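Data first, discussion second: the structure below is written as structure tokens.
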Amino acid sequence: MTAPHRIVDTDHLPPPDPRRSPYTGYTRAHWEATADHLLTALVPYASPGLAQYRLPGPASYAGAWSDGLEGYARSFLLAAFRIAGAGGADTPGSTVVQALIERYATGLATGTDPRHPERWPPITDRGQPMVEAASIAIALHETRPWLWDRLPGPVRRRTAAWLGGFVGATANDSNWRLFQVITEEFLASIDAPHSRSEIDAGLARLDDWYRGGGWYTDGDGRKFDYYNAWALHLYPVLWARIAGPRADASLVAEHRARLRTFLDTHQYFFGADGAPVHQGRSLTYRYATTAPLWAGALTGATPLPPGRSRRLASGALKHFADHGAPDAGGLLSLGWYRPFRPVTQPYSGPASPYWASKAFLGLLLPADHPVWTATEEPGPVETADRHLALPAPGWLLHSTAADGIVRLVNHGSDRLPPPPAAPQDSPHYTRLGYSTATAPETPPDDEPPGPDNHIALLTPSGPSRRGRIHPLYAEGRRAASWHTPLVPEGEEHADRASRIATAGLVHGPWEVRVHHVQAPPGTSVREGGWAVACDTAPPTADTGPGWALARRHDGLTTALVGLFGWDGEDGPPRGTVARARDHNAYGRHSATPLLTLDRHPGGTRLLVTLVLLTADHDVCRDIDAVRSGARAGVTPDGSVEIRFPDGVVEHVRAGALTTSEDR
């Protein structure tokens, strides 16, 4: 699946190796060259004493002082993997590694000097320096023979004192608990003051969040996203490397078993073009999604063949390189491809994207390791159509080999704390679907939420939002949930009278959504398909009675077809296409097909919709066959019978969209 064209700079990369890497052309040399390119591009933004990196862009909520530390810490993590991967030595004619050692040793001496104007902010309760301290601790451990062991005694003591701010401090009750585990374990490794009880408590808290199937929630609630990959599985691996013989062997084995289970699933989150599924927060970390692939290879805790691990990881690195990340100046911007602030959070500073450094963990593996020497193997989405139910997060994955697109049907992750916390809506968590070829519409805060992959009640003051998701099941080709629509202020009466339960049933590039919509009489109901976007030109659109379609110039197509329940007094509603500009991470021009039921009759209305996202030209060019071939109806026992465009027939049980209380 191709993405919108962008001009990219790849002059720093060696020639591709199609023999060893027939899918990406990338080898270890490409990873090393990319690391060097990223690190070199940061030099102009270093402070005189090399303790801070002040990149262009607005400050995070932690402020510019903390952001400068972030630039040092996250780039030091990348430098550490590069240094350790080279054994602390340069190849003949090169001084790259030695220069990195000197550069980051100087910055460490400067930043930990409490009297220096470039000193680092202290580690305090729930402060951003906690995050950065963990990266520094990992980097110091991995480069210990070449950097830490050669530091002057006063610098080592100052560093231990700065990191020691973690002892007794309170971290956010999320993946931040692992920052404390990592930092204090490093302090233990250098015989500095630390708290073993705090380390043990952080590891025990991680166990509280395990939901099975390789999935952790990032803190209490249903907070499933890529933090499961680049934090909750990664840090236990790095902790064990620091702890060495101090680590509980049974705990290490359990972490590795869970990682192995997770990787058996995680491999399905990458499209044939290398793009990860676009879901969740901190997406500006981009190819950090590949970190657990390397962690599995590093520990032997992976079910994947080495050639497949490298193909998936290199595919993601190449995907972003091919689409302008890093940019022409060698910097990783706050965005997905181009700069795009809506994929960031208030904690995202200009150097925040450099958590992408975690993707370079594979450089710790020797050059003769099978993950570097084996011939690339195709990813699972390239060899056959797939579907995979993930009960823990409440997700359903389905992918198609013809176009290499992975789609995620979401009936479980809303990133909300448990009740009684107030429900909220986030486009990166509460949409019905996410994919490797699209991003959710993310308009500015003062505009209504985007209509894509969402079914909404239309009130006088705006569309309802999904809010808290209540999972019902995820099994086989089906997943379902219900929610109470969040309505704008002043419309609380609709909140009490409304509920929407939805089941998603997947087959090939199609999803059929079965909705039970409970709403007051006269309420309008609107459903949106996928949002397709690009930079070069607005997507084209086509509409008709009961259907709508939007198509990108390269053929990526989304369509929405009303199969049951959408007819009003005058027959099926004519579909529409909503257009937007600068609302989408995949491109400046976006379009979303829509269907609207003008007047809900009151009570519970059954609505059935066919949703399509495809770049398969055989499907795209015969959209009439898609519309005419799909059917839905209610059987005598109350089940919904669904006929997909290719003739496959499935059923959704009548009681499948009720809660235990309803039953």
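Here's how to read the names in the structure tokens: chain A, B, ... by the order shown, residue numbers from 1 in each chain, ligand numbers from 1 in the order shown.
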Picked from region 393-581 of chain A by DSSP as alpha helix (DSSP H), as a ChimeraX atom specification: /A:492-497
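Look at region 258-275 of chain A: the protein and nucleic acid residues within 6 Å of it, using only C-alpha atoms and passing over chain neighbours fewer than 4 places away, are Met1, Gly214, Ala301, Thr302, Gly315, Ala316, His319, Glu382, Gly404, Ile405, Val406 and Thr436 of chain A.
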Could you give me, as number ranges by chain, the residues within 9 Å of region 415-426 of chain A, counting only C-alpha atoms and dropping anything in the same chain fewer than 3 positions from it? A: 217-225, 280, 429-431, 442, 449, 465-469, 486
Go ahead and save the picked residues with N, CA and C atoms, as a PDB file, in the first residue's frame.
```
ATOM      1  N   THR A 217      -2.469  -3.392  30.462  1.00  0.00           N
ATOM      2  CA  THR A 217      -3.046  -2.065  30.383  1.00  0.00           C
ATOM      3  C   THR A 217      -2.068  -1.107  31.063  1.00  0.00           C
ATOM      4  N   ASP A 218      -1.912   0.081  30.509  1.00  0.00           N
ATOM      5  CA  ASP A 218      -0.941   1.044  31.035  1.00  0.00           C
ATOM      6  C   ASP A 218      -1.548   1.790  32.224  1.00  0.00           C
ATOM      7  N   GLY A 219      -1.631   1.103  33.370  1.00  0.00           N
ATOM      8  CA  GLY A 219      -2.319   1.634  34.531  1.00  0.00           C
ATOM      9  C   GLY A 219      -3.730   1.071  34.594  1.00  0.00           C
ATOM     10  N   ASP A 220      -4.415   1.340  35.667  1.00  0.00           N
ATOM     11  CA  ASP A 220      -5.770   0.811  35.840  1.00  0.00           C
ATOM     12  C   ASP A 220      -6.694   1.319  34.740  1.00  0.00           C
ATOM     13  N   GLY A 221      -7.659   0.502  34.371  1.00  0.00           N
ATOM     14  CA  GLY A 221      -8.596   0.861  33.316  1.00  0.00           C
ATOM     15  C   GLY A 221      -8.343   0.035  32.067  1.00  0.00           C
ATOM     16  N   ARG A 222      -8.791   0.554  30.928  1.00  0.00           N
ATOM     17  CA  ARG A 222      -8.626  -0.144  29.650  1.00  0.00           C
ATOM     18  C   ARG A 222      -7.752   0.736  28.757  1.00  0.00           C
ATOM     19  N   LYS A 223      -6.461   0.754  29.082  1.00  0.00           N
ATOM     20  CA  LYS A 223      -5.510   1.651  28.427  1.00  0.00           C
ATOM     21  C   LYS A 223      -4.557   0.819  27.578  1.00  0.00           C
ATOM     22  N   PHE A 224      -5.076   0.355  26.452  1.00  0.00           N
ATOM     23  CA  PHE A 224      -4.296  -0.505  25.569  1.00  0.00           C
ATOM     24  C   PHE A 224      -3.822   0.294  24.365  1.00  0.00           C
ATOM     25  N   ASP A 225      -2.513   0.252  24.114  1.00  0.00           N
ATOM     26  CA  ASP A 225      -1.918   0.977  22.996  1.00  0.00           C
ATOM     27  C   ASP A 225      -0.481   0.502  22.834  1.00  0.00           C
ATOM     28  N   GLY A 280      -3.714   5.069  19.236  1.00  0.00           N
ATOM     29  CA  GLY A 280      -3.160   5.367  20.548  1.00  0.00           C
ATOM     30  C   GLY A 280      -2.387   6.666  20.602  1.00  0.00           C
ATOM     31  N   TYR A 429      -8.433   6.674  20.486  1.00  0.00           N
ATOM     32  CA  TYR A 429      -8.829   5.514  21.285  1.00  0.00           C
ATOM     33  C   TYR A 429     -10.269   5.060  21.056  1.00  0.00           C
ATOM     34  N   THR A 430     -11.178   5.959  20.765  1.00  0.00           N
ATOM     35  CA  THR A 430     -12.598   5.595  20.792  1.00  0.00           C
ATOM     36  C   THR A 430     -13.221   5.413  19.416  1.00  0.00           C
ATOM     37  N   ARG A 431     -12.436   5.433  18.359  1.00  0.00           N
ATOM     38  CA  ARG A 431     -12.979   5.127  17.050  1.00  0.00           C
ATOM     39  C   ARG A 431     -13.250   3.624  16.937  1.00  0.00           C
ATOM     40  N   THR A 442      -8.563  14.353  13.379  1.00  0.00           N
ATOM     41  CA  THR A 442      -8.252  14.997  14.654  1.00  0.00           C
ATOM     42  C   THR A 442      -8.313  16.510  14.474  1.00  0.00           C
ATOM     43  N   PRO A 449     -15.700  16.655  16.993  1.00  0.00           N
ATOM     44  CA  PRO A 449     -14.853  15.515  16.621  1.00  0.00           C
ATOM     45  C   PRO A 449     -15.146  15.058  15.201  1.00  0.00           C
ATOM     46  N   ARG A 465     -20.342  11.596  21.346  1.00  0.00           N
ATOM     47  CA  ARG A 465     -19.054  10.914  21.298  1.00  0.00           C
ATOM     48  C   ARG A 465     -19.182   9.545  21.959  1.00  0.00           C
ATOM     49  N   ARG A 466     -18.164   8.718  21.733  1.00  0.00           N
ATOM     50  CA  ARG A 466     -18.267   7.334  22.210  1.00  0.00           C
ATOM     51  C   ARG A 466     -17.949   7.205  23.699  1.00  0.00           C
ATOM     52  N   GLY A 467     -16.918   7.861  24.180  1.00  0.00           N
ATOM     53  CA  GLY A 467     -16.601   7.807  25.603  1.00  0.00           C
ATOM     54  C   GLY A 467     -16.197   6.423  26.071  1.00  0.00           C
ATOM     55  N   ARG A 468     -16.703   6.025  27.247  1.00  0.00           N
ATOM     56  CA  ARG A 468     -16.303   4.755  27.849  1.00  0.00           C
ATOM     57  C   ARG A 468     -16.854   3.576  27.050  1.00  0.00           C
ATOM     58  N   ILE A 469     -15.962   2.628  26.731  1.00  0.00           N
ATOM     59  CA  ILE A 469     -16.329   1.446  25.959  1.00  0.00           C
ATOM     60  C   ILE A 469     -16.521   0.269  26.916  1.00  0.00           C
ATOM     61  N   LEU A 486     -21.868  10.171  24.713  1.00  0.00           N
ATOM     62  CA  LEU A 486     -21.576  11.427  25.394  1.00  0.00           C
ATOM     63  C   LEU A 486     -22.130  12.552  24.544  1.00  0.00           C
TER      64      LEU A 486
END
```
Contacts of region 163-177 of chain A at 7 Å or less, counting only C-alpha atoms, minus same-chain residues fewer than 2 places along, as a compact mmCIF listing (two decimals) with all heavy atoms, in the first residue's frame?
```txt
# COMPACT_ATOMS: atom_id res chain seq x y z
N PRO A 122 15.94 18.85 38.62
CA PRO A 122 15.97 17.71 39.54
C PRO A 122 14.82 16.75 39.29
O PRO A 122 13.79 17.11 38.71
CB PRO A 122 15.85 18.37 40.91
CG PRO A 122 15.10 19.64 40.64
CD PRO A 122 15.56 20.10 39.29
N ILE A 123 14.99 15.53 39.76
CA ILE A 123 13.92 14.54 39.73
C ILE A 123 13.01 14.78 40.92
O ILE A 123 13.45 14.72 42.08
CB ILE A 123 14.50 13.12 39.78
CG1 ILE A 123 15.36 12.85 38.53
CG2 ILE A 123 13.39 12.07 39.89
CD1 ILE A 123 16.16 11.56 38.60
N THR A 124 11.76 15.08 40.65
CA THR A 124 10.78 15.35 41.70
C THR A 124 9.53 14.51 41.44
O THR A 124 9.37 13.92 40.37
CB THR A 124 10.40 16.84 41.74
OG1 THR A 124 9.92 17.23 40.43
CG2 THR A 124 11.60 17.71 42.11
N ASP A 125 8.64 14.47 42.40
CA ASP A 125 7.42 13.68 42.27
C ASP A 125 6.70 13.96 40.96
O ASP A 125 6.39 15.11 40.64
CB ASP A 125 6.47 13.98 43.43
CG ASP A 125 6.95 13.44 44.76
OD1 ASP A 125 7.92 12.67 44.76
OD2 ASP A 125 6.34 13.77 45.79
N ARG A 126 6.46 12.90 40.19
CA ARG A 126 5.67 12.94 38.96
C ARG A 126 6.22 13.95 37.94
O ARG A 126 5.49 14.39 37.05
CB ARG A 126 4.20 13.25 39.26
CG ARG A 126 3.51 12.22 40.14
CD ARG A 126 2.02 12.52 40.30
NE ARG A 126 1.36 11.50 41.10
CZ ARG A 126 1.26 11.53 42.43
NH1 ARG A 126 1.78 12.56 43.09
NH2 ARG A 126 0.65 10.56 43.08
N VAL A 131 11.10 10.42 33.51
CA VAL A 131 11.10 9.69 32.24
C VAL A 131 12.51 9.65 31.65
O VAL A 131 13.00 8.61 31.21
CB VAL A 131 10.12 10.34 31.24
CG1 VAL A 131 10.03 9.53 29.96
CG2 VAL A 131 8.74 10.52 31.87
N ALA A 133 15.37 10.19 33.16
CA ALA A 133 16.37 9.51 33.99
C ALA A 133 16.49 8.04 33.60
O ALA A 133 17.60 7.48 33.59
CB ALA A 133 15.99 9.64 35.46
N THR A 159 26.40 12.13 39.15
CA THR A 159 25.38 11.41 38.37
C THR A 159 24.53 10.54 39.28
O THR A 159 23.29 10.52 39.17
CB THR A 159 26.05 10.56 37.29
OG1 THR A 159 26.84 11.39 36.43
CG2 THR A 159 25.01 9.82 36.46
N ALA A 160 25.18 9.82 40.20
CA ALA A 160 24.43 8.98 41.14
C ALA A 160 23.52 9.83 42.02
O ALA A 160 22.38 9.44 42.32
CB ALA A 160 25.39 8.17 41.99
N ALA A 161 23.99 11.01 42.40
CA ALA A 161 23.17 11.89 43.24
C ALA A 161 21.96 12.39 42.46
O ALA A 161 20.85 12.46 43.01
CB ALA A 161 24.01 13.06 43.75
N PHE A 179 10.13 3.34 35.15
CA PHE A 179 11.27 4.27 35.12
C PHE A 179 11.99 4.23 36.47
O PHE A 179 13.22 4.29 36.53
CB PHE A 179 10.81 5.69 34.82
CG PHE A 179 10.02 5.85 33.55
CD1 PHE A 179 9.07 6.85 33.43
CD2 PHE A 179 10.22 5.01 32.48
CE1 PHE A 179 8.34 7.00 32.27
CE2 PHE A 179 9.49 5.15 31.30
CZ PHE A 179 8.55 6.14 31.20
N GLN A 180 11.21 4.13 37.53
CA GLN A 180 11.80 4.03 38.87
C GLN A 180 12.54 2.71 39.03
O GLN A 180 13.66 2.67 39.57
CB GLN A 180 10.70 4.16 39.93
CG GLN A 180 11.22 4.27 41.35
CD GLN A 180 10.15 4.76 42.30
OE1 GLN A 180 8.99 4.41 42.16
NE2 GLN A 180 10.54 5.58 43.27
N VAL A 181 11.95 1.64 38.54
CA VAL A 181 12.59 0.33 38.60
C VAL A 181 13.94 0.36 37.89
O VAL A 181 14.97 -0.08 38.43
CB VAL A 181 11.67 -0.74 37.97
CG1 VAL A 181 12.42 -2.05 37.74
CG2 VAL A 181 10.45 -0.98 38.85
N THR A 183 15.87 2.98 36.94
CA THR A 183 16.84 3.93 37.48
C THR A 183 17.44 3.42 38.79
O THR A 183 18.66 3.47 39.00
CB THR A 183 16.19 5.30 37.68
OG1 THR A 183 15.63 5.74 36.44
CG2 THR A 183 17.19 6.32 38.17
N PRO A 193 23.02 4.62 46.71
CA PRO A 193 21.77 4.47 47.48
C PRO A 193 20.57 4.22 46.57
O PRO A 193 20.40 4.88 45.54
CB PRO A 193 21.66 5.81 48.20
CG PRO A 193 23.06 6.30 48.33
CD PRO A 193 23.74 5.86 47.07
N HIS A 194 19.74 3.26 46.97
CA HIS A 194 18.54 2.90 46.22
C HIS A 194 17.58 2.21 47.17
O HIS A 194 17.93 1.94 48.33
CB HIS A 194 18.88 1.97 45.05
CG HIS A 194 19.44 0.65 45.52
ND1 HIS A 194 20.77 0.50 45.93
CD2 HIS A 194 18.86 -0.58 45.66
CE1 HIS A 194 20.98 -0.74 46.30
NE2 HIS A 194 19.84 -1.42 46.15
N SER A 195 16.37 1.93 46.70
CA SER A 195 15.39 1.25 47.52
C SER A 195 14.95 -0.03 46.83
O SER A 195 14.26 0.02 45.81
CB SER A 195 14.17 2.16 47.77
OG SER A 195 13.12 1.42 48.37
N GLY A 202 7.43 -1.67 42.03
CA GLY A 202 7.18 -1.32 40.64
C GLY A 202 6.96 -2.55 39.77
O GLY A 202 6.06 -2.58 38.92
N ASP A 218 -1.91 0.08 30.51
CA ASP A 218 -0.94 1.04 31.03
C ASP A 218 -1.55 1.79 32.22
O ASP A 218 -1.95 2.94 32.12
CB ASP A 218 -0.54 2.03 29.93
CG ASP A 218 0.56 2.97 30.39
OD1 ASP A 218 1.18 2.70 31.43
OD2 ASP A 218 0.79 3.99 29.71
N GLY A 219 -1.63 1.10 33.37
CA GLY A 219 -2.32 1.63 34.53
C GLY A 219 -3.73 1.07 34.59
O GLY A 219 -4.19 0.39 33.68
N ALA A 231 7.13 0.01 26.15
CA ALA A 231 7.38 0.29 27.56
C ALA A 231 7.15 -0.95 28.42
O ALA A 231 8.08 -1.48 29.04
CB ALA A 231 6.50 1.44 28.05
N LEU A 232 5.92 -1.44 28.48
CA LEU A 232 5.56 -2.45 29.46
C LEU A 232 6.20 -3.81 29.20
O LEU A 232 6.40 -4.59 30.14
CB LEU A 232 4.03 -2.57 29.52
CG LEU A 232 3.34 -1.25 29.93
CD1 LEU A 232 1.84 -1.35 29.71
CD2 LEU A 232 3.65 -0.90 31.36
```
So which residues touch region 74-84 of chain A within 8 Å, counting only C-alpha atoms, skipping near sequence neighbours fewer than 2 positions away, as number ranges by chain? A: 32, 35, 39, 70-72, 86-89, 97, 100-101, 104, 132, 135-136, 138-140, 142-143, 351-352, 354-355, 357-358, 360-361, 363-364
Take the residues from that selection and put them in a file with N, CA, C and O atoms, as a compact mmCIF listing (two decimals), in the first residue's frame.
```txt
# COMPACT_ATOMS: atom_id res chain seq x y z
N GLU A 32 22.71 1.44 11.22
CA GLU A 32 23.82 2.24 11.74
C GLU A 32 23.88 3.60 11.06
O GLU A 32 24.08 4.64 11.73
N ALA A 35 21.12 5.80 12.43
CA ALA A 35 21.46 6.29 13.77
C ALA A 35 22.47 7.43 13.68
O ALA A 35 22.31 8.47 14.35
N LEU A 39 21.81 11.34 14.90
CA LEU A 39 22.65 11.93 15.94
C LEU A 39 23.44 13.13 15.43
O LEU A 39 23.59 14.14 16.14
N GLU A 70 15.36 16.27 27.92
CA GLU A 70 14.76 15.23 27.10
C GLU A 70 15.58 15.01 25.82
O GLU A 70 15.80 13.87 25.40
N GLY A 71 16.03 16.10 25.21
CA GLY A 71 16.85 15.97 24.01
C GLY A 71 18.13 15.23 24.27
O GLY A 71 18.58 14.41 23.44
N TYR A 72 18.76 15.49 25.41
CA TYR A 72 19.99 14.76 25.76
C TYR A 72 19.68 13.30 26.03
O TYR A 72 20.32 12.40 25.46
N ALA A 86 28.84 -1.28 18.46
CA ALA A 86 30.16 -1.26 17.81
C ALA A 86 31.26 -1.71 18.75
O ALA A 86 32.45 -1.63 18.40
N GLY A 87 30.89 -2.16 19.96
CA GLY A 87 31.89 -2.57 20.93
C GLY A 87 32.75 -1.42 21.40
O GLY A 87 33.90 -1.62 21.83
N GLY A 88 32.23 -0.22 21.31
CA GLY A 88 32.96 0.96 21.76
C GLY A 88 34.12 1.37 20.87
O GLY A 88 34.91 2.25 21.23
N ALA A 89 34.21 0.77 19.69
CA ALA A 89 35.35 1.03 18.81
C ALA A 89 34.87 1.44 17.42
O ALA A 89 33.81 1.00 16.95
N VAL A 97 32.06 6.62 16.68
CA VAL A 97 31.78 6.06 17.99
C VAL A 97 32.53 6.81 19.08
O VAL A 97 31.96 7.17 20.12
N LEU A 100 30.92 10.08 19.81
CA LEU A 100 29.70 9.96 20.60
C LEU A 100 30.01 9.75 22.07
O LEU A 100 29.36 10.33 22.95
N ILE A 101 31.00 8.93 22.37
CA ILE A 101 31.39 8.70 23.77
C ILE A 101 31.80 10.01 24.41
O ILE A 101 31.35 10.36 25.52
N TYR A 104 28.68 12.60 24.82
CA TYR A 104 27.70 12.34 25.87
C TYR A 104 28.35 12.29 27.25
O TYR A 104 27.68 12.59 28.26
N GLU A 132 13.15 10.82 31.68
CA GLU A 132 14.45 10.94 31.02
C GLU A 132 15.54 10.24 31.83
O GLU A 132 16.53 9.76 31.26
N SER A 135 16.05 6.69 30.64
CA SER A 135 16.83 6.56 29.40
C SER A 135 18.33 6.74 29.69
O SER A 135 19.17 6.03 29.11
N ILE A 136 18.66 7.69 30.56
CA ILE A 136 20.07 7.90 30.90
C ILE A 136 20.63 6.68 31.63
O ILE A 136 21.76 6.24 31.35
N ILE A 138 19.64 3.53 31.38
CA ILE A 138 19.84 2.45 30.40
C ILE A 138 21.09 2.71 29.57
O ILE A 138 21.91 1.80 29.35
N ALA A 139 21.23 3.94 29.11
CA ALA A 139 22.39 4.28 28.26
C ALA A 139 23.70 4.10 29.02
O ALA A 139 24.69 3.61 28.47
N LEU A 140 23.72 4.50 30.29
CA LEU A 140 24.95 4.34 31.08
C LEU A 140 25.27 2.87 31.30
O LEU A 140 26.45 2.46 31.25
N GLU A 142 24.43 0.29 29.27
CA GLU A 142 24.84 -0.35 28.02
C GLU A 142 26.22 0.11 27.55
O GLU A 142 26.88 -0.60 26.79
N THR A 143 26.65 1.30 27.96
CA THR A 143 27.97 1.81 27.54
C THR A 143 28.98 1.78 28.68
O THR A 143 30.02 2.44 28.60
N ALA A 351 11.89 17.41 21.45
CA ALA A 351 12.74 16.22 21.37
C ALA A 351 11.99 14.94 21.72
O ALA A 351 12.58 13.86 21.71
N SER A 352 10.71 15.05 22.02
CA SER A 352 9.93 13.88 22.39
C SER A 352 10.00 12.75 21.37
O SER A 352 10.08 11.57 21.75
N TYR A 354 12.24 11.44 19.91
CA TYR A 354 13.46 10.64 19.96
C TYR A 354 13.35 9.43 20.88
O TYR A 354 14.33 8.70 21.05
N TRP A 355 12.15 9.17 21.42
CA TRP A 355 11.93 7.84 22.00
C TRP A 355 11.92 6.81 20.88
O TRP A 355 11.95 5.61 21.15
N SER A 357 14.33 6.15 19.45
CA SER A 357 15.64 5.51 19.67
C SER A 357 15.50 4.06 20.10
O SER A 357 16.40 3.24 19.86
N LYS A 358 14.38 3.72 20.75
CA LYS A 358 14.20 2.35 21.23
C LYS A 358 14.20 1.34 20.08
O LYS A 358 14.49 0.16 20.29
N PHE A 360 16.29 1.06 17.90
CA PHE A 360 17.66 0.69 17.55
C PHE A 360 18.26 -0.29 18.55
O PHE A 360 19.47 -0.53 18.54
N LEU A 361 17.42 -0.85 19.41
CA LEU A 361 17.87 -1.86 20.37
C LEU A 361 18.57 -3.02 19.67
O LEU A 361 19.47 -3.65 20.24
N LEU A 363 20.76 -3.04 17.55
CA LEU A 363 22.20 -2.87 17.37
C LEU A 363 23.00 -3.52 18.49
O LEU A 363 24.21 -3.74 18.35
N LEU A 364 22.36 -3.85 19.62
CA LEU A 364 23.05 -4.58 20.69
C LEU A 364 23.34 -6.01 20.30
O LEU A 364 24.19 -6.67 20.91
```
